[in-house]
Amino acid sequence: MPSLPQERVIQGPSSLDLNTELPYQSTIRRKVTKKKKKETITANVAGTKFEIVRLVIDEMGFMKTPDEDETSNLIWCDSAVQQEKIAELQNYQRINHFPGMGEICRKDFLARNMTKMIKSRPLDYTFVPRTWIFPAEYTQFQNYMKELKKKRKQKTFIVKPANGAMGHGISLIRNGDKLPSQDHLIVQEYIDKPFLMEGYKFDLRIYILVTSCDPLKIFLYHDGLVRMGTEKYIPPNESNLTQLYMHLTNYSVNKHNERFERDETENKGSKRSIKWFTEFLQANQHDVAKFWSDISELVVKTLIVAEPHVLHAYRMCRPGQPPGSESVCFEVLGFDILLDRKLKPWLLEINRAPSFGTDQKIDYDVKRGVLLNALKLLNIRTSDKRRNLAKQKAEAQRRLYGQNSMKRLLPGSSDWEQQRHQLERRKEELKERLAQVRKQISKEEHENRHMGNYRRIYPPEDKALLEKYENLLAAAFQTFLSGRAASFQRELNNPLKRMKEEDILDLLEQCEIDDEKLMGKTARTRGPKPLCSMPESTEITKRQKYCSSDSSYESSSSSSEWDEDEKEEYQTKKREKQVTYNLRQSNHYKLIQPASSIRRSFSCPRSISSQSPSSAEIRPLSAQQMVPASRPTSGSRSHSLNRASSYMRHVPHCNDTSSTNSHMSDSLRQLRTKEQEDDLTSQTLFVLKDMKIRFPGKSDAESLLLVEDIIDNWKYHKTKVASYWLIKLDSVKQRKVLDIVKTSIRTILPRIWKANNDSSWS
């Protein structure tokens, strides 16, 4: 018969120590301290043949996914992608091609669109050689040749396949009679007076990054490749038309010539960097700034031609996506540009899939920088996927429960209801635009910090140049999307589009005031209240009551106005909400220039503002705005000698006698002069500036460093503070924050302004 299992006997002390760890406790601890799975950015590079792309992906710390994975954060393809694929992408994903970009990347499409734009704006598009598209314009070309014969002029033309690449099928002609009339060809006038370098013809490969088409954003990489011919240039004639190594600068053509030089140094060889070329221009007394300006203008004007097509195709792929939202597409383009002997740039063609081959060290150096800086500018984050899923879930819940949806105005509504409805629509529009502006500011700040060797060329900082480009953009929409141009024109002319964050906040505040008027509430005055009219807090009243009765309380508890519970409650609150500031450093305080008042920047409609004696505005506190404090004049010295003495004089002491209180109440009724009020205001600002802000878990020194960083970089932190105030905090939490601030301020103001018993503080 099997024996029963014996009971396990625990050996050890008879009493269990309280510090002894039980088995189940260690199990629970392991579950609680379990680390979260680390998020990584994923990239699908199955569609590229270039190893440099994979190397840059590894350098960025992205994780390469299997070829069939379609959920990666980044998808890179060498060839153009179908619009259906772009439509299926999630908002957190990025793909390296725009739909509709072929309108400028195919030679025949580029020629057709440029011809239309030249007819609309002939003076702005003078950087494209005269072009004919065969077979549609075969007759026009033959007529042009006849005119040249009549004038006894002879020109050279370059013939290219309509959809060719890598120099295949290119030839030079001077007689157009032998050209086939039915082939799909591009015929251009040949630029026979190019800028030469060491006797060789060359062209420039300029790399352009387009991060968004809605709105349009263009970046130019301040480096590239100089691709030289491999035979000394001689102007075209009947004997050298077939010498393609002389007339063509394509790397894919010239690399087959035995004279092609593969030199690792930057100032030799058949392929060099644009960085070296700009140094060459500067050494030869050429204007490098004008060179880059002309290149930038050529690029922007060319992409303006593409913008109507790209924007229309993108919105067809991504319907319902609000303007200014994250673009799922970006594109690195290769512009081939030729310089004539006057250094005027001429557009040859645009490559939407520029080669990222690295046959030489210069290729690796330039193209690595192009890709690495481009991926940094895109700001792909590990949290994008998680945030997108959370946003989709929240939107689904709002649709399910009908939240945040504007109520429809019923027929026969009263004028009051119509006004409220219009006001609500206006507020929703302003809030939506405010969110777009803040997101745009956040993007620009990231771009400015991670631009690397890129430069933003659209939108430009020059307002006159921006206006010029916007006029060209409006003409492009009118030319290519005449049926839909009105809606795009309304978007361009929307007055909210040009407004800054402060202007939108002002409009939102005005909407709140109008709403209160419609609801019959007391209309709030816009702007901050003056210091002398701020209300008195109940905390101060209790303190006065307690202080005035303190002496009698010591002699007899029956004569005290507070009982023991009230006194204990006050002392507890006093310890919790005490405002600390140092009065010993009065000589080191500095006064902010009273040329303006602090403008609200993060609250609407409830704003926390301070106002100096002047009515103009000043920026938030910064070290650059400080000037030494001026001493008060003799006239006001009797009332306020300096910050420390006047402050100590104004503090009501608990052991003051009733005669002293009577004397102080009489002095409060005296009229203050303007100079005295200015001095009191200065003292108030001193004290407010010296108030400490405590951060949980931070020491006073660390808290001070945090505050100084926020003040010094206010432009960067302002949008984050505004977003936290308006979006993260509801009205109840906003009111709590305001109450804390008001309590701290009301603790200071009555002491300095001697208004403890003033009836005006009500």
# chains A, B, ... in the order shown; residues from 1 in each chain; ligands from 1
>>> residues_around(residues="Ala165 (chain A)", least_positions_apart="2", cutoff="10 Å", atoms="only C-alpha atoms", output="PDB file with N, CA and C atoms, in the first residue's frame")
ATOM      1  N   ARG A 106       8.857  62.810 -65.394  1.00  0.00           N
ATOM      2  CA  ARG A 106       8.942  62.300 -66.762  1.00  0.00           C
ATOM      3  C   ARG A 106       9.264  63.460 -67.694  1.00  0.00           C
ATOM      4  N   LYS A 107      10.143  63.228 -68.632  1.00  0.00           N
ATOM      5  CA  LYS A 107      10.604  64.326 -69.497  1.00  0.00           C
ATOM      6  C   LYS A 107       9.467  64.935 -70.294  1.00  0.00           C
ATOM      7  N   LYS A 160      15.891  63.317 -76.874  1.00  0.00           N
ATOM      8  CA  LYS A 160      15.848  62.348 -75.785  1.00  0.00           C
ATOM      9  C   LYS A 160      14.562  61.533 -75.879  1.00  0.00           C
ATOM     10  N   PRO A 161      14.598  60.275 -75.457  1.00  0.00           N
ATOM     11  CA  PRO A 161      13.349  59.502 -75.345  1.00  0.00           C
ATOM     12  C   PRO A 161      12.433  60.136 -74.297  1.00  0.00           C
ATOM     13  N   ALA A 162      11.126  60.058 -74.523  1.00  0.00           N
ATOM     14  CA  ALA A 162      10.173  60.737 -73.640  1.00  0.00           C
ATOM     15  C   ALA A 162      10.243  60.217 -72.213  1.00  0.00           C
ATOM     16  N   ASN A 163      10.493  58.921 -72.047  1.00  0.00           N
ATOM     17  CA  ASN A 163      10.542  58.338 -70.711  1.00  0.00           C
ATOM     18  C   ASN A 163      11.865  57.609 -70.494  1.00  0.00           C
ATOM     19  N   GLY A 167      20.859  58.310 -69.755  1.00  0.00           N
ATOM     20  CA  GLY A 167      21.518  58.695 -71.000  1.00  0.00           C
ATOM     21  C   GLY A 167      21.244  57.808 -72.186  1.00  0.00           C
ATOM     22  N   HIS A 168      20.327  56.858 -72.052  1.00  0.00           N
ATOM     23  CA  HIS A 168      20.043  55.955 -73.164  1.00  0.00           C
ATOM     24  C   HIS A 168      19.238  56.676 -74.251  1.00  0.00           C
ATOM     25  N   GLY A 169      19.643  56.474 -75.499  1.00  0.00           N
ATOM     26  CA  GLY A 169      18.893  57.003 -76.632  1.00  0.00           C
ATOM     27  C   GLY A 169      19.043  58.485 -76.887  1.00  0.00           C
ATOM     28  N   ILE A 170      20.040  59.151 -76.293  1.00  0.00           N
ATOM     29  CA  ILE A 170      20.219  60.595 -76.467  1.00  0.00           C
ATOM     30  C   ILE A 170      21.154  60.840 -77.647  1.00  0.00           C
ATOM     31  N   ASN A 250      26.225  62.751 -68.220  1.00  0.00           N
ATOM     32  CA  ASN A 250      25.686  61.645 -67.428  1.00  0.00           C
ATOM     33  C   ASN A 250      26.813  60.726 -66.959  1.00  0.00           C
ATOM     34  N   SER A 252      26.395  57.642 -66.032  1.00  0.00           N
ATOM     35  CA  SER A 252      26.181  56.328 -66.633  1.00  0.00           C
ATOM     36  C   SER A 252      26.752  56.242 -68.042  1.00  0.00           C
ATOM     37  N   GLU A 349      16.596  67.935 -66.153  1.00  0.00           N
ATOM     38  CA  GLU A 349      15.581  66.939 -65.819  1.00  0.00           C
ATOM     39  C   GLU A 349      15.548  66.730 -64.315  1.00  0.00           C
ATOM     40  N   ASN A 351      14.903  63.620 -61.342  1.00  0.00           N
ATOM     41  CA  ASN A 351      14.854  62.184 -61.080  1.00  0.00           C
ATOM     42  C   ASN A 351      14.119  61.940 -59.769  1.00  0.00           C
TER      43      ASN A 351
END
>>> closest_atom_pairs(of="region 317-401 of chain A", to="region 436-445 of chain A", cutoff="12 Å", atoms="only C-alpha atoms", output="JSON lines")
{"residue": "A:Pro322", "atom": "CA", "partner": "A:Gln436", "partner_atom": "CA", "distance": 9.2}
{"residue": "A:Pro323", "atom": "CA", "partner": "A:Gln436", "partner_atom": "CA", "distance": 8.0}
{"residue": "A:Gly324", "atom": "CA", "partner": "A:Gln436", "partner_atom": "CA", "distance": 6.0}
{"residue": "A:Ser325", "atom": "CA", "partner": "A:Gln436", "partner_atom": "CA", "distance": 7.6}
{"residue": "A:Glu326", "atom": "CA", "partner": "A:Lys439", "partner_atom": "CA", "distance": 9.3}
{"residue": "A:Ser327", "atom": "CA", "partner": "A:Lys443", "partner_atom": "CA", "distance": 11.8}
{"residue": "A:Leu377", "atom": "CA", "partner": "A:Lys443", "partner_atom": "CA", "distance": 9.2}
{"residue": "A:Leu378", "atom": "CA", "partner": "A:Lys443", "partner_atom": "CA", "distance": 9.3}
{"residue": "A:Asn379", "atom": "CA", "partner": "A:Lys443", "partner_atom": "CA", "distance": 8.6}
{"residue": "A:Ile380", "atom": "CA", "partner": "A:Lys443", "partner_atom": "CA", "distance": 11.7}
>>> write_last_selection(atoms="N, CA, C and O atoms", output="PDB file, in the first residue's frame")
ATOM      1  N   PRO A 322      -7.140  66.324 -42.368  1.00  0.00           N
ATOM      2  CA  PRO A 322      -7.151  67.791 -42.266  1.00  0.00           C
ATOM      3  C   PRO A 322      -5.845  68.398 -42.745  1.00  0.00           C
ATOM      4  O   PRO A 322      -4.781  67.773 -42.633  1.00  0.00           O
ATOM      5  N   PRO A 323      -5.882  69.610 -43.292  1.00  0.00           N
ATOM      6  CA  PRO A 323      -4.645  70.275 -43.718  1.00  0.00           C
ATOM      7  C   PRO A 323      -3.713  70.489 -42.529  1.00  0.00           C
ATOM      8  O   PRO A 323      -4.143  70.770 -41.411  1.00  0.00           O
ATOM      9  N   GLY A 324      -2.420  70.332 -42.797  1.00  0.00           N
ATOM     10  CA  GLY A 324      -1.433  70.510 -41.750  1.00  0.00           C
ATOM     11  C   GLY A 324      -1.133  69.270 -40.949  1.00  0.00           C
ATOM     12  O   GLY A 324      -0.257  69.290 -40.078  1.00  0.00           O
ATOM     13  N   SER A 325      -1.836  68.167 -41.202  1.00  0.00           N
ATOM     14  CA  SER A 325      -1.558  66.931 -40.478  1.00  0.00           C
ATOM     15  C   SER A 325      -0.286  66.285 -41.019  1.00  0.00           C
ATOM     16  O   SER A 325       0.228  66.662 -42.071  1.00  0.00           O
ATOM     17  N   GLU A 326       0.195  65.274 -40.297  1.00  0.00           N
ATOM     18  CA  GLU A 326       1.437  64.617 -40.678  1.00  0.00           C
ATOM     19  C   GLU A 326       1.298  63.985 -42.062  1.00  0.00           C
ATOM     20  O   GLU A 326       0.323  63.285 -42.342  1.00  0.00           O
ATOM     21  N   SER A 327       2.269  64.224 -42.908  1.00  0.00           N
ATOM     22  CA  SER A 327       2.261  63.647 -44.247  1.00  0.00           C
ATOM     23  C   SER A 327       2.834  62.239 -44.189  1.00  0.00           C
ATOM     24  O   SER A 327       3.873  62.003 -43.562  1.00  0.00           O
ATOM     25  N   LEU A 377      15.185  64.661 -40.305  1.00  0.00           N
ATOM     26  CA  LEU A 377      14.173  65.713 -40.480  1.00  0.00           C
ATOM     27  C   LEU A 377      12.753  65.168 -40.402  1.00  0.00           C
ATOM     28  O   LEU A 377      11.833  65.877 -39.996  1.00  0.00           O
ATOM     29  N   LEU A 378      12.553  63.910 -40.789  1.00  0.00           N
ATOM     30  CA  LEU A 378      11.205  63.346 -40.815  1.00  0.00           C
ATOM     31  C   LEU A 378      10.631  63.165 -39.414  1.00  0.00           C
ATOM     32  O   LEU A 378       9.414  63.107 -39.242  1.00  0.00           O
ATOM     33  N   ASN A 379      11.507  63.037 -38.400  1.00  0.00           N
ATOM     34  CA  ASN A 379      11.072  62.915 -37.010  1.00  0.00           C
ATOM     35  C   ASN A 379      10.150  61.707 -36.819  1.00  0.00           C
ATOM     36  O   ASN A 379       9.046  61.812 -36.264  1.00  0.00           O
ATOM     37  N   ILE A 380      10.605  60.548 -37.281  1.00  0.00           N
ATOM     38  CA  ILE A 380       9.865  59.305 -37.047  1.00  0.00           C
ATOM     39  C   ILE A 380      10.149  58.860 -35.619  1.00  0.00           C
ATOM     40  O   ILE A 380      11.296  58.678 -35.230  1.00  0.00           O
TER      41      ILE A 380
END
>>> atom_distance(atom1="CA of Val159 (chain A)", atom2="CA of Ser171 (chain A)")
5.3 Å
>>> residues_around(residues="Asp67 (chain A)", least_positions_apart="6", cutoff="12 Å", atoms="only C-alpha atoms", output="PyMOL selection string")
chain A and resi 42-48+75-77
>>> residues_around(residues="region 83-94 of chain A", least_positions_apart="5", cutoff="6 Å", atoms="only C-alpha atoms", output="mmCIF file with C-alpha atoms, in the first residue's frame")
data_model
loop_
_atom_site.group_PDB
_atom_site.id
_atom_site.type_symbol
_atom_site.label_atom_id
_atom_site.label_comp_id
_atom_site.auth_asym_id
_atom_site.auth_seq_id
_atom_site.Cartn_x
_atom_site.Cartn_y
_atom_site.Cartn_z
ATOM 1 C CA ASN A 73 7.123 52.931 -39.754
ATOM 2 C CA LEU A 74 9.250 53.546 -42.869
ATOM 3 C CA CYS A 317 -5.394 59.033 -51.626
ATOM 4 C CA ARG A 318 -5.918 60.446 -48.121
ATOM 5 C CA VAL A 328 2.686 59.925 -44.901
ATOM 6 C CA CYS A 329 4.764 60.738 -47.988
ATOM 7 C CA ASP A 384 3.870 57.206 -33.471
ATOM 8 C CA LYS A 385 2.218 53.823 -33.911
#
